[in-house]
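Structure below is work.txt: compact mmCIF, C-alpha atoms.
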```
# COMPACT_ATOMS: atom_id res chain seq x y z
CA MET A 1 5.78 -61.61 17.66
CA GLY A 2 5.88 -63.93 14.71
CA GLU A 3 6.81 -63.15 11.15
CA ALA A 4 4.57 -63.57 8.14
CA LEU A 5 6.20 -66.69 6.70
CA PHE A 6 3.83 -69.30 5.34
CA ARG A 7 4.78 -72.78 4.22
CA GLN A 8 3.18 -73.59 0.87
CA LYS A 9 1.89 -76.92 -0.40
CA ASN A 10 4.87 -77.19 -2.74
CA GLY A 11 7.33 -76.86 0.15
CA LEU A 12 8.35 -73.28 -0.61
CA VAL A 13 7.72 -70.43 1.81
CA ALA A 14 5.64 -67.33 1.21
CA VAL A 15 7.23 -64.22 2.67
CA ASN A 16 5.15 -61.15 3.33
CA ILE A 17 6.95 -57.80 3.11
CA ALA A 18 5.60 -54.58 4.57
CA ALA A 19 6.28 -51.09 3.32
CA ALA A 20 4.85 -47.79 4.59
CA CYS A 21 1.14 -48.59 4.10
CA GLY A 22 1.97 -49.90 0.64
CA VAL A 23 4.07 -46.91 -0.39
CA PHE A 24 7.43 -47.79 -1.96
CA THR A 25 10.03 -45.37 -3.20
CA PRO A 26 11.46 -46.15 -6.63
CA GLY A 27 14.70 -47.12 -4.89
CA GLN A 28 12.89 -49.55 -2.61
CA PHE A 29 11.02 -51.02 -5.55
CA GLN A 30 14.18 -51.44 -7.54
CA GLY A 31 16.14 -52.84 -4.60
CA LEU A 32 13.31 -55.20 -3.76
CA ALA A 33 13.17 -56.44 -7.33
CA GLU A 34 16.89 -57.18 -7.27
CA ALA A 35 16.67 -58.91 -3.88
CA VAL A 36 13.74 -60.99 -5.03
CA ARG A 37 15.51 -61.98 -8.23
CA GLU A 38 18.63 -62.95 -6.29
CA ALA A 39 16.52 -65.00 -3.90
CA GLY A 40 15.18 -66.93 -6.84
CA ALA A 41 11.56 -65.87 -6.66
CA GLY A 42 9.83 -65.32 -9.97
CA ALA A 43 7.08 -62.94 -8.96
CA LEU A 44 5.65 -60.65 -6.32
CA LYS A 45 1.99 -60.47 -5.41
CA LEU A 46 0.19 -57.51 -3.89
CA THR A 47 -1.89 -58.40 -0.84
CA SER A 48 -5.09 -56.96 0.55
CA ARG A 49 -3.07 -55.55 3.47
CA GLN A 50 -1.01 -53.36 1.15
CA THR A 51 2.01 -55.60 1.51
CA VAL A 52 3.75 -57.75 -1.10
CA VAL A 53 4.29 -61.47 -0.93
CA LEU A 54 6.78 -63.67 -2.72
CA ILE A 55 7.46 -67.37 -2.64
CA LEU A 56 10.96 -68.77 -2.25
CA GLU A 57 13.04 -71.53 -0.77
CA GLU A 58 13.38 -71.46 3.00
CA ASP A 59 17.16 -71.09 3.03
CA LYS A 60 16.90 -67.83 1.05
CA ILE A 61 14.76 -66.04 3.64
CA ALA A 62 17.54 -64.79 5.89
CA GLY A 63 19.44 -63.23 2.99
CA LEU A 64 16.32 -61.59 1.67
CA ALA A 65 15.43 -60.19 5.11
CA GLU A 66 18.87 -58.64 5.43
CA LYS A 67 18.69 -57.03 2.01
CA ILE A 68 15.23 -55.56 2.43
CA SER A 69 16.17 -54.26 5.85
CA GLY A 70 18.73 -52.07 4.11
CA LEU A 71 15.93 -50.72 1.96
CA GLY A 72 13.79 -49.71 4.93
CA LEU A 73 11.46 -52.67 4.42
CA ARG A 74 10.80 -55.63 6.68
CA ILE A 75 9.06 -58.96 6.86
CA ALA A 76 5.55 -58.24 8.10
CA PRO A 77 4.54 -59.39 11.58
CA TYR A 78 2.13 -62.26 12.04
CA GLY A 79 0.46 -64.06 14.91
CA ASN A 80 -0.59 -62.20 18.03
CA ALA A 81 0.79 -58.86 16.91
CA ILE A 82 -0.31 -55.54 15.52
CA ARG A 83 -0.22 -56.01 11.78
CA SER A 84 0.83 -53.66 9.03
CA VAL A 85 -1.55 -50.70 8.76
CA LYS A 86 -3.87 -50.20 5.81
CA ALA A 87 -4.30 -46.59 4.74
CA CYS A 88 -5.88 -45.12 1.65
CA SER A 89 -4.24 -42.60 -0.61
CA GLY A 90 -6.00 -39.76 1.18
CA GLY A 91 -3.44 -37.05 1.58
CA PRO A 92 -2.45 -33.60 0.43
CA GLY A 93 -2.71 -33.49 -3.35
CA LEU A 94 -3.86 -37.10 -3.62
CA CYS A 95 -7.38 -38.57 -3.57
CA PRO A 96 -9.90 -35.79 -4.33
CA ARG A 97 -12.47 -37.39 -2.03
CA ALA A 98 -10.23 -37.42 1.03
CA LEU A 99 -11.05 -35.12 3.91
CA ALA A 100 -7.82 -35.59 5.82
CA ASP A 101 -4.28 -36.97 5.53
CA ALA A 102 -5.18 -40.61 6.09
CA LEU A 103 -2.01 -41.91 4.46
CA GLY A 104 0.26 -39.81 6.66
CA LEU A 105 -1.59 -40.90 9.77
CA GLY A 106 -1.54 -44.55 8.70
CA ILE A 107 2.22 -44.50 8.15
CA GLU A 108 2.74 -42.81 11.51
CA LEU A 109 0.64 -45.47 13.25
CA GLN A 110 2.44 -48.29 11.45
CA ASN A 111 5.86 -46.92 12.42
CA ARG A 112 4.75 -46.61 16.01
CA TYR A 113 2.71 -49.75 16.60
CA MET A 114 3.41 -52.47 14.02
CA GLY A 115 4.72 -55.63 15.64
CA GLN A 116 3.60 -54.87 19.19
CA ASP A 117 2.36 -57.91 21.09
CA VAL A 118 -1.39 -58.19 21.63
CA PRO A 119 -3.67 -61.08 22.70
CA LYS A 120 -4.69 -61.83 19.11
CA ASP A 121 -4.00 -60.35 15.69
CA PHE A 122 -4.85 -56.66 15.64
CA LYS A 123 -5.51 -54.81 12.42
CA ILE A 124 -5.61 -51.08 11.87
CA ALA A 125 -7.19 -49.33 8.89
CA VAL A 126 -7.31 -45.63 8.11
CA ALA A 127 -9.70 -44.15 5.54
CA GLY A 128 -9.74 -40.59 4.28
CA CYS A 129 -13.51 -40.44 3.80
CA ILE A 130 -16.71 -42.25 4.58
CA ARG A 131 -16.31 -44.49 1.54
CA GLY A 132 -13.76 -46.43 3.55
CA CYS A 133 -11.72 -47.98 0.74
CA THR A 134 -9.41 -49.56 3.32
CA ASP A 135 -12.31 -51.33 5.08
CA PRO A 136 -12.11 -49.48 8.41
CA HIS A 137 -15.34 -51.14 9.53
CA CYS A 138 -13.58 -54.50 9.27
CA ALA A 139 -10.55 -53.51 11.36
CA ASP A 140 -9.89 -53.98 15.04
CA PHE A 141 -9.14 -50.26 15.10
CA GLY A 142 -10.65 -48.28 12.24
CA LEU A 143 -10.37 -44.59 11.52
CA ILE A 144 -12.58 -42.70 9.09
CA ALA A 145 -11.89 -39.08 8.31
CA CYS A 146 -15.08 -37.09 8.79
CA GLY A 147 -13.64 -33.59 8.52
CA LYS A 148 -10.48 -31.62 8.23
CA ASP A 149 -8.14 -33.47 10.62
CA ALA A 150 -11.09 -35.12 12.37
CA TYR A 151 -11.59 -38.86 12.60
CA ARG A 152 -14.36 -41.22 13.59
CA VAL A 153 -12.92 -44.10 15.62
CA LEU A 154 -14.33 -47.62 15.41
CA ILE A 155 -13.17 -50.72 17.21
CA GLY A 156 -13.91 -54.43 17.12
CA GLY A 157 -14.28 -54.97 13.39
CA ARG A 158 -13.21 -58.23 11.84
CA GLY A 159 -12.93 -59.04 8.17
CA GLY A 160 -11.44 -62.04 6.41
CA SER A 161 -13.43 -64.35 8.61
CA PRO A 162 -16.34 -66.77 8.29
CA SER A 163 -17.95 -64.62 10.98
CA PRO A 164 -17.19 -61.04 10.02
CA GLU A 165 -17.96 -58.31 12.52
CA ARG A 166 -18.68 -54.65 11.86
CA GLY A 167 -16.69 -52.25 14.00
CA LYS A 168 -18.52 -50.03 16.46
CA VAL A 169 -18.02 -46.29 16.78
CA ILE A 170 -16.44 -45.21 20.05
CA LEU A 171 -15.53 -41.61 19.24
CA GLU A 172 -16.23 -38.87 16.74
CA GLN A 173 -14.14 -35.91 15.66
CA VAL A 174 -10.79 -36.99 17.05
CA ARG A 175 -7.78 -35.04 15.83
CA SER A 176 -4.95 -37.04 14.30
CA SER A 177 -2.61 -35.80 17.04
CA ARG A 178 -4.84 -37.49 19.62
CA VAL A 179 -5.34 -40.78 17.80
CA PRO A 180 -2.26 -42.40 19.45
CA GLU A 181 -3.71 -41.58 22.87
CA VAL A 182 -6.94 -43.30 21.91
CA LEU A 183 -5.14 -46.30 20.44
CA ASP A 184 -2.90 -46.58 23.50
CA PHE A 185 -6.00 -46.64 25.69
CA VAL A 186 -7.77 -49.26 23.55
CA LEU A 187 -4.67 -51.46 23.46
CA ALA A 188 -4.13 -51.17 27.21
CA ARG A 189 -7.75 -52.16 27.89
CA TYR A 190 -7.54 -54.99 25.35
CA ARG A 191 -4.38 -56.41 26.93
CA GLU A 192 -5.96 -56.09 30.35
CA LEU A 193 -9.40 -57.51 29.58
CA ALA A 194 -8.91 -60.07 26.82
CA GLU A 195 -8.71 -63.76 27.48
CA PRO A 196 -5.69 -65.48 25.91
CA GLY A 197 -6.06 -65.58 22.14
CA GLU A 198 -9.26 -63.55 22.17
CA ARG A 199 -9.87 -61.20 19.24
CA LEU A 200 -10.91 -57.67 20.17
CA CYS A 201 -14.45 -58.08 18.81
CA LYS A 202 -14.98 -60.99 21.19
CA THR A 203 -13.62 -59.04 24.14
CA VAL A 204 -15.87 -56.10 23.29
CA GLY A 205 -18.85 -58.45 23.02
CA ARG A 206 -18.03 -59.98 26.39
CA VAL A 207 -17.19 -56.91 28.50
CA GLY A 208 -19.00 -54.16 26.60
CA LEU A 209 -17.98 -51.26 24.42
CA LYS A 210 -17.89 -48.73 27.26
CA GLU A 211 -14.74 -50.32 28.67
CA PHE A 212 -12.89 -49.14 25.56
CA ILE A 213 -14.06 -45.54 25.38
CA PRO A 214 -11.31 -43.22 26.60
CA PRO A 215 -12.91 -40.83 29.09
CA PHE A 216 -10.31 -38.14 28.49
CA ILE A 217 -11.47 -37.81 24.88
CA ALA A 218 -15.18 -38.38 25.41
CA GLU A 219 -15.31 -35.44 27.83
CA GLU A 220 -14.52 -33.02 25.06
CA PRO A 221 -17.60 -31.16 23.87
CA ALA A 222 -19.05 -32.68 20.74
CA GLY A 223 -18.26 -30.76 17.63
CA SER A 224 -15.50 -28.74 19.23
CA LEU A 225 -13.07 -29.85 16.59
CA GLN A 226 -15.20 -29.01 13.60
CA ASP A 227 -14.01 -26.76 10.91
CA ASP A 228 -16.28 -23.71 11.27
CA GLU A 229 -15.61 -22.30 7.84
CA PHE A 230 -19.20 -22.91 6.78
CA GLY A 231 -20.53 -21.44 10.02
CA GLU A 232 -18.61 -18.27 9.35
CA PHE A 233 -19.85 -18.23 5.77
CA LEU A 234 -23.41 -18.77 7.00
CA ARG A 235 -23.25 -15.83 9.38
CA SER A 236 -21.42 -13.52 7.03
CA GLY A 237 -23.34 -10.58 5.63
CA GLU A 238 -26.07 -10.75 8.26
CA MET B 239 -14.91 -31.77 3.50
CA ARG B 240 -15.42 -34.23 0.69
CA SER B 241 -14.26 -32.63 -2.53
CA LEU B 242 -16.23 -33.11 -5.67
CA LYS B 243 -14.64 -35.62 -7.97
CA ASN B 244 -15.68 -33.37 -10.78
CA LEU B 245 -17.75 -30.24 -10.56
CA ASN B 246 -19.86 -31.61 -13.40
CA GLU B 247 -20.60 -34.75 -11.41
CA VAL B 248 -23.65 -33.12 -9.85
CA ASN B 249 -25.67 -30.14 -10.95
CA LEU B 250 -26.02 -28.10 -7.79
CA GLU B 251 -27.17 -25.09 -9.80
CA ALA B 252 -30.29 -27.06 -10.75
CA ILE B 253 -31.17 -27.45 -7.08
CA TYR B 254 -30.26 -23.85 -6.36
CA LYS B 255 -32.77 -22.60 -8.96
CA HIS B 256 -35.60 -24.22 -7.02
CA PHE B 257 -34.49 -22.52 -3.84
CA GLU B 258 -34.28 -19.17 -5.60
CA LYS B 259 -37.79 -19.65 -6.94
CA LEU B 260 -39.07 -20.35 -3.43
CA CYS B 261 -37.20 -17.33 -2.15
CA SER B 262 -38.62 -15.04 -4.80
CA GLY B 263 -42.15 -15.85 -3.63
CA CYS B 264 -41.41 -15.04 0.01
CA ASP B 265 -43.00 -11.98 1.65
CA LYS B 266 -39.83 -11.38 3.66
CA LEU B 267 -37.53 -11.12 0.68
CA ASN B 268 -35.64 -7.81 0.66
CA THR B 269 -37.00 -6.85 4.07
CA PRO B 270 -35.01 -6.54 7.33
CA GLU B 271 -36.65 -9.82 8.43
CA CYS B 272 -34.93 -11.75 5.63
CA ARG B 273 -32.12 -13.69 7.33
CA GLU B 274 -30.76 -16.65 5.42
CA SER B 275 -29.13 -18.35 8.39
CA SER B 276 -32.47 -18.65 10.22
CA CYS B 277 -34.57 -19.56 7.19
CA LEU B 278 -34.76 -23.10 5.82
CA ILE B 279 -34.73 -21.94 2.21
CA GLY B 280 -32.06 -19.32 2.90
CA PHE B 281 -29.90 -21.89 4.67
CA GLY B 282 -30.23 -24.26 1.73
CA LYS B 283 -29.13 -21.49 -0.63
CA ARG B 284 -26.15 -20.66 1.55
CA ALA B 285 -25.09 -24.30 1.76
CA LEU B 286 -25.36 -24.69 -2.01
CA ARG B 287 -23.44 -21.47 -2.67
CA PHE B 288 -20.74 -22.54 -0.23
CA SER B 289 -20.49 -25.96 -1.83
CA ILE B 290 -20.29 -24.56 -5.36
CA SER B 291 -17.74 -21.91 -4.47
CA LYS B 292 -15.50 -24.30 -2.53
CA GLY B 293 -15.92 -27.27 -4.84
CA VAL B 294 -16.87 -29.58 -1.98
CA LEU B 295 -19.79 -31.95 -1.64
CA ASP B 296 -19.74 -32.52 2.12
CA ILE B 297 -19.93 -29.64 4.57
CA ALA B 298 -18.83 -31.13 7.88
CA GLY B 299 -21.18 -30.25 10.72
CA ALA B 300 -23.66 -28.31 8.56
CA LYS B 301 -26.59 -30.64 9.29
CA LYS B 302 -26.59 -29.47 12.90
CA MET B 303 -26.89 -25.84 11.77
CA ILE B 304 -30.15 -26.27 9.81
CA PRO B 305 -32.61 -23.74 11.27
CA THR B 306 -35.34 -26.18 12.25
CA GLY B 307 -37.14 -23.42 14.13
CA ASP B 308 -38.27 -21.81 10.88
CA PHE B 309 -42.01 -22.46 10.63
CA LYS B 310 -42.90 -20.49 7.52
CA VAL B 311 -45.65 -22.24 5.59
CA TYR B 312 -45.18 -23.64 2.09
CA TYR B 313 -47.47 -25.57 -0.21
CA LEU B 314 -46.50 -29.13 -1.10
CA GLU B 315 -46.76 -28.25 -4.78
CA VAL B 316 -43.99 -25.66 -4.58
CA ILE B 317 -41.66 -27.82 -2.48
CA ALA B 318 -42.03 -31.09 -4.43
CA PRO B 319 -40.10 -29.94 -7.55
CA GLY B 320 -37.09 -29.05 -5.41
CA LEU B 321 -37.22 -32.39 -3.60
CA ALA B 322 -37.45 -34.13 -6.97
CA GLU B 323 -34.36 -32.25 -8.11
CA THR B 324 -32.42 -33.47 -5.06
CA CYS B 325 -33.48 -37.00 -6.04
CA ARG B 326 -32.19 -36.43 -9.59
CA GLN B 327 -28.84 -35.19 -8.31
CA CYS B 328 -28.47 -37.77 -5.53
CA ARG B 329 -25.45 -40.03 -6.10
CA GLN B 330 -27.24 -42.84 -4.21
CA CYS B 331 -24.27 -43.47 -1.97
CA GLN B 332 -26.11 -46.20 -0.05
CA ASP B 333 -24.05 -47.00 3.08
CA ASN B 334 -21.75 -44.09 2.34
CA HIS B 335 -24.56 -41.56 2.53
CA SER B 336 -23.60 -38.50 4.52
CA PRO B 337 -26.22 -36.21 6.08
CA ASP B 338 -23.70 -33.38 5.59
CA CYS B 339 -23.70 -33.88 1.82
CA VAL B 340 -24.98 -30.65 0.33
CA ILE B 341 -27.65 -32.50 -1.64
CA ALA B 342 -28.86 -34.09 1.59
CA LEU B 343 -28.76 -30.69 3.30
CA ALA B 344 -30.94 -29.17 0.58
CA ARG B 345 -33.37 -32.07 0.78
CA THR B 346 -33.55 -31.90 4.57
CA CYS B 347 -34.26 -28.17 4.48
CA LEU B 348 -37.11 -28.74 2.04
CA GLU B 349 -38.50 -31.62 4.11
CA TYR B 350 -38.64 -29.42 7.20
CA THR B 351 -40.82 -26.91 5.34
CA VAL B 352 -43.63 -29.41 4.75
CA LEU B 353 -43.12 -32.47 6.95
CA GLN B 354 -43.42 -32.91 10.68
CA SER B 355 -40.01 -34.52 10.76
CA GLU B 356 -37.18 -35.16 8.35
CA ILE B 357 -36.88 -38.45 6.52
CA ASP B 358 -33.99 -40.65 7.60
CA TYR B 359 -32.43 -40.87 4.15
CA PRO B 360 -31.67 -44.48 3.21
CA GLY B 361 -29.06 -43.61 0.57
CA SER B 362 -31.24 -44.53 -2.40
CA VAL B 363 -33.98 -42.58 -4.18
CA PHE B 364 -36.32 -45.55 -4.52
CA GLN B 365 -36.21 -46.33 -0.81
CA TYR B 366 -36.50 -42.64 -0.04
CA LEU B 367 -39.74 -42.29 -1.99
CA ALA B 368 -41.14 -45.29 -0.15
CA LYS B 369 -40.32 -43.60 3.14
CA VAL B 370 -41.91 -40.31 2.04
CA ARG B 371 -45.03 -42.22 0.99
CA ASP B 372 -45.31 -43.68 4.50
CA GLN B 373 -45.27 -40.22 6.07
CA ALA B 374 -46.84 -38.05 3.36
CA PRO B 375 -48.43 -39.95 0.43
CA GLU B 376 -49.49 -36.75 -1.34
CA LEU B 377 -45.94 -35.37 -1.32
CA SER B 378 -44.54 -38.69 -2.50
CA ALA B 379 -46.94 -38.65 -5.46
CA LEU B 380 -45.95 -35.10 -6.35
CA ILE B 381 -42.23 -35.93 -6.25
CA ALA B 382 -42.80 -39.04 -8.34
CA ALA B 383 -44.78 -37.01 -10.88
CA GLU B 384 -41.93 -34.48 -11.09
CA LEU B 385 -39.39 -37.23 -11.60
CA LYS B 386 -41.50 -38.77 -14.37
CA LYS B 387 -41.31 -35.50 -16.27
CA SER B 388 -37.55 -35.91 -16.65
CA SER B 389 -37.49 -39.65 -17.30
```
Output the structure of this file as structure tokens.
Amino acid sequence: MGEALFRQKNGLVAVNIAAACGVFTPGQFQGLAEAVREAGAGALKLTSRQTVVLILEEDKIAGLAEKISGLGLRIAPYGNAIRSVKACSGGPGLCPRALADALGLGIELQNRYMGQDVPKDFKIAVAGCIRGCTDPHCADFGLIACGKDAYRVLIGGRGGSPSPERGKVILEQVRSSRVPEVLDFVLARYRELAEPGERLCKTVGRVGLKEFIPPFIAEEPAGSLQDDEFGEFLRSGE
Amino acid sequence: MRSLKNLNEVNLEAIYKHFEKLCSGCDKLNTPECRESSCLIGFGKRALRFSISKGVLDIAGAKKMIPTGDFKVYYLEVIAPGLAETCRQCRQCQDNHSPDCVIALARTCLEYTVLQSEIDYPGSVFQYLAKVRDQAPELSALIAAELKKSS
């Protein structure tokens, strides 16, 4: 696994720092600001992956990494690794459009999977509703909440590319507690079937989507996980 | 369920009034045969009431519960105003359109009363009217005339 360190044209190095799907505590923010100031960087930039990036001299990187580690932050992975997870602010008491706790699930997935080796970069995005503010259709593994604790699962998306790909749905109505099982299956198949350096969308295109559909989830009856509150309301009084 | 950003964002009561009007003209109203869950208009009313009371726009899984086996006959002229109202209230979500959105549920219920099959809603009113015209030109004209009244 590589780290997200990028040499700039001016000789400095851009360092990408990951938090919990972009969530910082005040203490982390404050500590990060101090560490960045000490490292001699003048600014931080937010990235589209919900990380922050700063530019500094190469010999300051090690000191910065040590300090942010004490804050519960880390330099984001890069290369053939599972990247930091993008998750929207869908959660209890947060976005009014959210159907499920997308942020909580995203943080859980990041803690569990970020940095794992894979054949090519692997991006995960979790969205709390069909609007998909975190671009789940453009992720290698996208989740879209479609009900109370029920997610649509897409794989093989690719954004940030001259040849973007839209992810394809492999499962509907998956509970958050079962998402890791699905992701484990997809990752295992990807590692098994991909050619070296092959992005998931290419592998899916070559071997077919069916290879990535976990049979243990697909066998569940459709709709079994739906919230039946409306059904009960519909039948009430008759 | 997708919560409403603001309960004033859409006027579900305006759609509900059309359903109530249709209901009031039904021979089965206030008889033992009146069962909302198996009636297209009754189902629409229930979905709208549920949505209003819960403050949610999407009712997950409700599309599958629409009683498509209800074959009561309605005139185009009495259905078109309700369809026009769903067009007025539609947020035109484009790619984010959900068939479980309560506005879509109401529209689908009304479509089943007069069309052979529902219209695959494209997420925009303009494209929707074009699709209705392909299947039922007379209904499309009636909806357009209703919409002109409010423009």
- Could you pull the residues within 12 Å of A:Ala33, counting all atoms listed in the file, minus those fewer than 2 positions along the same chain, as a ChimeraX atom specification? /A:24,26-31,35-44,52,54,64,67-68,71
Those same residues, written as a JSON list (two decimals), in the coordinates of the input with C-alpha atoms?
```json
[["chain", "number", "residue", "atom", "x", "y", "z"],
["A", 24, "PHE", "CA", 7.43, -47.79, -1.96],
["A", 26, "PRO", "CA", 11.46, -46.15, -6.63],
["A", 27, "GLY", "CA", 14.70, -47.12, -4.89],
["A", 28, "GLN", "CA", 12.89, -49.55, -2.61],
["A", 29, "PHE", "CA", 11.02, -51.02, -5.55],
["A", 30, "GLN", "CA", 14.18, -51.44, -7.54],
["A", 31, "GLY", "CA", 16.14, -52.84, -4.60],
["A", 35, "ALA", "CA", 16.67, -58.91, -3.88],
["A", 36, "VAL", "CA", 13.74, -60.99, -5.03],
["A", 37, "ARG", "CA", 15.51, -61.98, -8.23],
["A", 38, "GLU", "CA", 18.63, -62.95, -6.29],
["A", 39, "ALA", "CA", 16.52, -65.00, -3.90],
["A", 40, "GLY", "CA", 15.18, -66.93, -6.84],
["A", 41, "ALA", "CA", 11.56, -65.87, -6.66],
["A", 42, "GLY", "CA", 9.83, -65.32, -9.97],
["A", 43, "ALA", "CA", 7.08, -62.94, -8.96],
["A", 44, "LEU", "CA", 5.65, -60.65, -6.32],
["A", 52, "VAL", "CA", 3.75, -57.75, -1.10],
["A", 54, "LEU", "CA", 6.78, -63.67, -2.72],
["A", 64, "LEU", "CA", 16.32, -61.59, 1.67],
["A", 67, "LYS", "CA", 18.69, -57.03, 2.01],
["A", 68, "ILE", "CA", 15.23, -55.56, 2.43],
["A", 71, "LEU", "CA", 15.93, -50.72, 1.96]]
```
- Exercise: A:Ser176 partners within 9 Å, all atoms listed in the file, chain neighbours under 5 positions left out, as a list in words: Asp101, Ala102, Leu105, Asp149, Ala150 and Tyr151 of chain A
- Item | Exercise: B:Glu274 partners within 9 Å, only C-alpha atoms, chain neighbours under 2 positions left out, as an MDAnalysis selection string | (chainID A and resid 234:235 238) or (chainID B and resid 272 276:284)
- Query: For the atom pair atom CA of A:Glu172 and atom CA of A:Glu229, what is the interatomic distance in Å to one decimal place?
  - Reply: 18.8 Å
- Using only C-alpha atoms, which residue out of B:Thr351, B:Ser275, B:Gln327, B:Gln365 lies closest to chain A?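 When distances to chain A are compared using only C-alpha atoms, the smallest one comes from B:Ser275.
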- Query: Do you have the atom CA of A:Cys133-atom CA of A:Leu99 distance handy?
  - Reply: 13.3 Å
- Message: Using all atoms listed in the file and a cut-off of 6 Å, which residues of chain A sit close to chain B? Please list them as a list in words.
- Response: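 Listing them in order of chain and number gives Pro96, Arg97, Leu99, Ile130, Arg131, Gly147 and Leu234 of chain A.
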- Report the distance between atom CA of B:Tyr350 and atom CA of B:Ala379 in Å, rounded to one decimal place. 17.7 Å
- Message: Which residue is closest to A:Thr203? Choose from A:Ile170, A:Cys21, A:Ile155, A:Ile55 and count all atoms listed in the file.
- Response: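 That would be A:Ile155, the residue with the smallest distance to A:Thr203.
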- Task: May I have the protein, DNA and RNA residues with an atom at most 8 Å from (-37.8, -30.4, -11.8), counting all atoms listed in the file in the file's coordinates, returned as a VMD selection string?
- Result: chain B and resid 319 to 320 322 to 323 384 to 385 387 to 388
- Which neighbours of A:Ala81 fall inside 6 Å, counting only C-alpha atoms, when residues of the same chain fewer than 5 positions from it are skipped, and could you give them as a VMD selection string? chain A and resid 1 115 to 118 121
Any chance you can output those residues with C-alpha atoms as a PDB file, in the coordinates of the input?
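Output contents, as saved in result_20.pdb:
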```
ATOM      1  CA  MET A   1       5.780 -61.610  17.660  1.00  0.00           C
ATOM      2  CA  GLY A 115       4.720 -55.630  15.640  1.00  0.00           C
ATOM      3  CA  GLN A 116       3.600 -54.870  19.190  1.00  0.00           C
ATOM      4  CA  ASP A 117       2.360 -57.910  21.090  1.00  0.00           C
ATOM      5  CA  VAL A 118      -1.390 -58.190  21.630  1.00  0.00           C
ATOM      6  CA  ASP A 121      -4.000 -60.350  15.690  1.00  0.00           C
TER       7      ASP A 121
END
```
- From the set A:Glu195, A:Ala20, A:Ala62, A:Asn80, which residue has the shortest atom-to-atom contact distance to A:Asn111, counting all atoms listed in the file? A:Ala20
- Message: Excluding stretch 137-144 of chain A and its own-chain neighbours fewer than 2 positions away, which residues fall within 9 Å of it when counting only C-alpha atoms? Please give them as number ranges by chain.
- Response: A: 102, 121-132, 134-135, 146, 150-160, 164-169, 179, 183, 186, 199-201
- Which of A:Ser163, A:Pro180, A:Ile17, A:Pro215 sits closest to A:Gly106 [using only C-alpha atoms]: A:Pro180
- Message: Using only C-alpha atoms for the distances, tell me which of A:Met114, A:Ile107, A:Leu5, A:Val53 is nearest to A:Val23.
- Response: A:Ile107
